[in-house]
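K.L.:
Supplied in structure tokens, the structure appears directly below.
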Amino acid sequence: MSTLVFLEHHGSAIQKASLGVLSKAASLDPETSGVIIGADVGGLAAEAARYGAARVFIADDASLAAPLPQGRVDVIADLVKANGFDNVLFGASVLASDIAGGLAARLDAGLNWDLTDLGVEGGALVGKRSALGDTVLVDVAWSAGPRLGLVRSGSFEPTEISGAGAVEQVGVTLQDFSTKAKMVEQAHAEQTGPSIEEADILVAGGRGVGSPAAFTELEDLASALGGAVATTRAVVDSGWYPYQTQVGQTGKTVAPKLYIACGISGAIQHKVGMQSSQVIVSINKDPNAAIFDFSDLAVVGDLHEIVPKLTSLVAARKG
Ligand SMILES: Cc1cc2nc3c(=O)[nH]c(=O)nc-3n(C[C@H](O)[C@H](O)[C@H](O)COP(=O)(O)OP(=O)(O)OC[C@H]3O[C@@H](n4cnc5c(N)ncnc54)[C@H](O)[C@@H]3O)c2cc1C
């Protein structure tokens, strides 16, 4: 079984989701390769090796500077044809999803998406994904190769397992139609502190927070703890907080060291996005809230009284 992992980078860092998929793939197959595509990306090869890549393909070309999918489909399709990879894996993102879809069409290959785990059975890759509204996990496979898989972001923590990291430069030949799209503008959301995927501590607020203004209470606690604020879909749908903070089935999957859930009922669609957190502390005024069933510490009370007190205690402890 031979595997290639697309290593998406933003600026001078490979994305955490890609590194998580790479280290998982390398744990199944020590000969796993990675591919980094862009302009001036050669310096990222060492990071790929640190997370398990035995070979690192570098496609370095000015025409690939913009994070557009078509040129990347060309590069990966050529690599698969030349090296006969059985599997091509991606950590899910908007760009990775576009590339995976384009590659499936180009290679006439099957794509399984939203995978939450990977394994090997009978020498071939198998995956797990949730179904029926995230209420069951099912095994999925491919009827033929190459097997393309998009892994749900946050499913695997990047693990350092040094690979040989042999670097191979790749010649870039783009199809005519792949050069038609141009990046007109790229904007970055301003963010202070870590993103919810990266933070070790998340202070998550649900509808029980009561209003957008009251989220400052959660922001103060998150900032005292060096963490980030996450939300439920009810909060995002009400326009109280940005979509990129939503945790759950239609949001992000997170696995922080500490998840403090404030005014969150614990619906299954929220649970699936945070149940892998190492420690879950919940504050809810309803003693029968479902979230208490999967919390390590259940605090029954009004979050507006408890959260500011917690913030003062943390600040006092930090001096
Ligand atoms: C297809 C589908 C996909 C979905 N995807 C997602 C998803 O990705 N993420 C997600 O989160 N949801 C998702 N949902 C919605 C989900 O079913 C729930 O509706 C949602 O998670 C509820 O959000 P909540 O806990 O913030 O609000 P509520 O269920 O309204 O809970 C609010 C809680 O706050 C408590 N509370 C109120 N005031 C206070 C106070 N002062 N102090 C302490 N506690 C208080 C209440 O007791 C209650 O338990 C999805 C639903 C569907 C159908």
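Ligands are numbered from 1 in the order shown, chains are lettered A, B, ... in the order of the structure tokens, and residues start at 1 in each chain.
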At a cut-off of 8 Å, using only C-alpha atoms, what residues contact Leu148 (chain A)? Leave out same-chain residues fewer than 5 positions from it and give the result as a list of chain:residue names.
P.N.:
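Those residues are A:Asn87, A:Val88, A:Leu89, A:Ala100, A:Ala104, A:Ala109, A:Gly110, A:Leu111, A:Asn112.
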K.L.:
With N, CA and C atoms retained, export the selected residues as a tab-separated table (two decimals), in the first residue's frame.
P.N.:
```
chain	number	residue	atom	x	y	z
A	87	ASN	N	-3.23	5.41	-2.46
A	87	ASN	CA	-4.11	6.29	-1.69
A	87	ASN	C	-3.62	7.73	-1.76
A	88	VAL	N	-4.54	8.68	-1.84
A	88	VAL	CA	-4.20	10.10	-1.71
A	88	VAL	C	-5.11	10.67	-0.64
A	89	LEU	N	-4.49	11.24	0.41
A	89	LEU	CA	-5.27	11.70	1.56
A	89	LEU	C	-5.13	13.21	1.76
A	100	ALA	N	-9.50	17.63	-3.98
A	100	ALA	CA	-9.90	16.21	-3.93
A	100	ALA	C	-11.02	15.93	-4.93
A	104	ALA	N	-10.63	13.49	-8.16
A	104	ALA	CA	-11.52	12.35	-8.36
A	104	ALA	C	-12.04	12.33	-9.80
A	109	ALA	N	-11.59	8.45	-9.99
A	109	ALA	CA	-11.34	7.71	-8.75
A	109	ALA	C	-12.44	7.99	-7.74
A	110	GLY	N	-12.55	7.10	-6.75
A	110	GLY	CA	-13.57	7.26	-5.72
A	110	GLY	C	-13.05	8.12	-4.57
A	111	LEU	N	-13.91	9.00	-4.07
A	111	LEU	CA	-13.53	9.89	-2.97
A	111	LEU	C	-14.47	9.66	-1.78
A	112	ASN	N	-13.89	9.26	-0.65
A	112	ASN	CA	-14.66	9.20	0.60
A	112	ASN	C	-14.33	10.44	1.40
```
K.L.:
Counting only C-alpha atoms and all ligand atoms, which residues in chain A sit no more than 8 Å from ligand 1? For each one, give the nearest pair of atoms and the distance in Å, sorted by chain then residue number, as a tab-separated table.
P.N.:
```
residue	atom	partner	partner_atom_place_in_ligand_line	distance
A:Gly133	CA	ligand 1	1 (C)	6.3
A:Gly205	CA	ligand 1	26 (O)	6.8
A:Gly206	CA	ligand 1	26 (O)	3.1
A:Arg207	CA	ligand 1	26 (O)	3.8
A:Gly208	CA	ligand 1	37 (C)	3.3
A:Val209	CA	ligand 1	39 (C)	6.1
A:Gly210	CA	ligand 1	38 (N)	6.6
A:Thr231	CA	ligand 1	11 (O)	6.8
A:Thr232	CA	ligand 1	11 (O)	3.3
A:Arg233	CA	ligand 1	10 (C)	4.0
A:Ala234	CA	ligand 1	23 (O)	4.5
A:Val235	CA	ligand 1	26 (O)	5.9
A:Gln246	CA	ligand 1	9 (N)	6.1
A:Val247	CA	ligand 1	9 (N)	5.1
A:Gly248	CA	ligand 1	8 (O)	3.2
A:Gln249	CA	ligand 1	8 (O)	3.8
A:Thr250	CA	ligand 1	8 (O)	3.6
A:Gly251	CA	ligand 1	8 (O)	4.2
A:Lys252	CA	ligand 1	8 (O)	7.1
A:Cys262	CA	ligand 1	43 (C)	6.1
A:Gly263	CA	ligand 1	34 (O)	3.4
A:Ile264	CA	ligand 1	25 (O)	3.5
A:Ser265	CA	ligand 1	49 (O)	3.4
A:Gly266	CA	ligand 1	25 (O)	5.6
A:Ala267	CA	ligand 1	21 (O)	4.9
A:Ile268	CA	ligand 1	17 (O)	6.6
A:Gln269	CA	ligand 1	6 (C)	4.6
A:His270	CA	ligand 1	11 (O)	3.9
A:Lys271	CA	ligand 1	11 (O)	7.6
A:Gly273	CA	ligand 1	8 (O)	7.0
A:Ile283	CA	ligand 1	43 (C)	5.6
A:Asn284	CA	ligand 1	44 (N)	3.5
A:Lys285	CA	ligand 1	43 (C)	4.3
A:Asp286	CA	ligand 1	47 (O)	4.5
A:Ala289	CA	ligand 1	49 (O)	5.3
A:Ala290	CA	ligand 1	49 (O)	7.6
A:Ile291	CA	ligand 1	49 (O)	7.9
A:Val300	CA	ligand 1	43 (C)	7.5
A:Gly301	CA	ligand 1	43 (C)	5.8
A:Asp302	CA	ligand 1	42 (N)	3.6
A:Leu303	CA	ligand 1	42 (N)	3.9
A:His304	CA	ligand 1	41 (N)	5.9
```
K.L.:
DSSP says helix (DSSP H, G or I) for which residues of region 231-273 of chain A? Put them as an MDAnalysis selection string?
P.N.:
chainID A and resid 233:237 243:245 268:273
K.L.:
Just the selected residues (C-alpha atoms), exported as a short mmCIF file (atom, residue, chain, number, x, y, z; two decimals), in the first residue's frame, please.
P.N.:
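After the write, selection_20.cif holds the following:
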```
data_model
loop_
_atom_site.label_atom_id
_atom_site.label_comp_id
_atom_site.auth_asym_id
_atom_site.auth_seq_id
_atom_site.Cartn_x
_atom_site.Cartn_y
_atom_site.Cartn_z
CA ARG A 233 -24.81 26.44 16.02
CA ALA A 234 -27.66 28.14 17.88
CA VAL A 235 -25.29 31.02 18.63
CA VAL A 236 -23.92 31.25 15.10
CA ASP A 237 -27.37 30.99 13.50
CA TYR A 243 -19.32 30.87 11.89
CA GLN A 244 -15.68 29.80 12.16
CA THR A 245 -16.11 29.35 15.92
CA ILE A 268 -25.73 15.20 19.76
CA GLN A 269 -24.76 17.47 16.84
CA HIS A 270 -22.64 19.56 19.23
CA LYS A 271 -21.27 16.58 21.15
CA VAL A 272 -19.74 14.96 18.05
CA GLY A 273 -17.52 18.00 17.58
#
```
K.L.:
Could you pull out the residues in region 161-191 of chain A that DSSP calls strand (DSSP E or B) from the backbone, as a list in words?
P.N.:
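The strand (DSSP E or B) residues within region 161-191 of chain A come out as Ala166, Val167, Glu168 and Gln169 of chain A.
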K.L.:
Might you pull out every residue within 12 Å of Gly91 (chain A), with only C-alpha atoms counted and same-chain residues fewer than 3 positions away left off, and present them as a ChimeraX atom specification?
P.N.:
/A:4-9,14-25,88,94-100,113-117,148-158
K.L.:
Which residues of region 151-199 of chain A come within 6 Å of region 36-55 of chain A, and what is each one's closest atom pair and distance in Å (one decimal), counting only C-alpha atoms, sorted by chain and residue number, as CSV?
P.N.:
```
residue,atom,partner,partner_atom,distance
A:Glu160,CA,A:Tyr51,CA,4.7
A:Ile161,CA,A:Gly52,CA,5.0
A:Ser162,CA,A:Arg50,CA,4.5
A:Gly163,CA,A:Gly52,CA,4.1
A:Ala164,CA,A:Ala54,CA,4.5
A:Gly165,CA,A:Ala49,CA,4.3
A:Ala166,CA,A:Arg55,CA,4.6
A:Val167,CA,A:Arg55,CA,5.9
```
K.L.:
So that I can check the surroundings of Gly193 (chain A), please list as an NGL selection string every protein, DNA and RNA residue that reaches within 9 Å of it, counting only C-alpha atoms and ignoring chain neighbours fewer than 3 positions away.
P.N.:
:A and (199 or 223 or 226-228)
K.L.:
Keeping only N, CA, C and O atoms, take the residues you just selected and write them out as a PDB file, in the first residue's frame.
P.N.:
```pdb
ATOM      1  N   ALA A 199      -6.218  26.004  19.881  1.00  0.00           N
ATOM      2  CA  ALA A 199      -6.178  26.345  21.315  1.00  0.00           C
ATOM      3  C   ALA A 199      -6.211  25.094  22.188  1.00  0.00           C
ATOM      4  O   ALA A 199      -6.932  24.135  21.906  1.00  0.00           O
ATOM      5  N   SER A 223      -9.292  34.670  27.510  1.00  0.00           N
ATOM      6  CA  SER A 223      -8.034  35.408  27.441  1.00  0.00           C
ATOM      7  C   SER A 223      -7.211  35.188  28.709  1.00  0.00           C
ATOM      8  O   SER A 223      -5.988  35.025  28.652  1.00  0.00           O
ATOM      9  N   GLY A 226      -5.554  31.920  28.274  1.00  0.00           N
ATOM     10  CA  GLY A 226      -4.752  31.752  27.051  1.00  0.00           C
ATOM     11  C   GLY A 226      -5.450  30.864  26.041  1.00  0.00           C
ATOM     12  O   GLY A 226      -4.803  30.188  25.238  1.00  0.00           O
ATOM     13  N   GLY A 227      -6.781  30.840  26.071  1.00  0.00           N
ATOM     14  CA  GLY A 227      -7.536  29.975  25.155  1.00  0.00           C
ATOM     15  C   GLY A 227      -8.332  30.779  24.139  1.00  0.00           C
ATOM     16  O   GLY A 227      -8.025  31.947  23.877  1.00  0.00           O
ATOM     17  N   ALA A 228      -9.361  30.143  23.569  1.00  0.00           N
ATOM     18  CA  ALA A 228     -10.183  30.787  22.537  1.00  0.00           C
ATOM     19  C   ALA A 228     -11.655  30.515  22.847  1.00  0.00           C
ATOM     20  O   ALA A 228     -11.982  29.598  23.598  1.00  0.00           O
TER      21      ALA A 228
END
```
K.L.:
Could you give me, as JSON lines, every region 167-217 of chain A residue with an atom at most 9 Å from region 74-84 of chain A, plus its closest atom pair and distance in Å to one decimal, counting only C-alpha atoms, rows ordered by chain then number?
P.N.:
```
{"residue": "A:Val170", "atom": "CA", "partner": "A:Val75", "partner_atom": "CA", "distance": 8.1}
{"residue": "A:Gly171", "atom": "CA", "partner": "A:Val75", "partner_atom": "CA", "distance": 8.3}
{"residue": "A:Val172", "atom": "CA", "partner": "A:Val75", "partner_atom": "CA", "distance": 6.4}
{"residue": "A:Thr173", "atom": "CA", "partner": "A:Asp74", "partner_atom": "CA", "distance": 7.2}
{"residue": "A:Leu174", "atom": "CA", "partner": "A:Asp74", "partner_atom": "CA", "distance": 6.0}
{"residue": "A:Gln175", "atom": "CA", "partner": "A:Asp74", "partner_atom": "CA", "distance": 7.0}
{"residue": "A:Ser178", "atom": "CA", "partner": "A:Asp74", "partner_atom": "CA", "distance": 7.8}
```
K.L.:
With C-alpha atoms retained, could you export that selection as a compact mmCIF listing (two decimals), in the first residue's frame?
P.N.:
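Full text of part_21.txt as output:
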```txt
# COMPACT_ATOMS: atom_id res chain seq x y z
CA VAL A 170 8.64 17.82 -9.06
CA GLY A 171 8.41 19.32 -12.55
CA VAL A 172 5.23 21.38 -12.92
CA THR A 173 3.18 21.06 -16.12
CA LEU A 174 -0.13 22.85 -15.97
CA GLN A 175 -3.09 22.15 -18.25
CA SER A 178 -5.79 25.20 -15.07
```
K.L.:
Using only C-alpha atoms, which of A:Gly101, A:Val73, A:Tyr241, A:Thr253 sits nearest Phe177 (chain A)?
P.N.:
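For Phe177 (chain A), the nearest of the candidates is A:Val73.
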K.L.:
Rank nothing, just name the residue among A:Val140, A:Ile196, A:Ala189, A:Ala213 nearest to Ala255 (chain A), using only C-alpha atoms.
P.N.:
A:Ile196
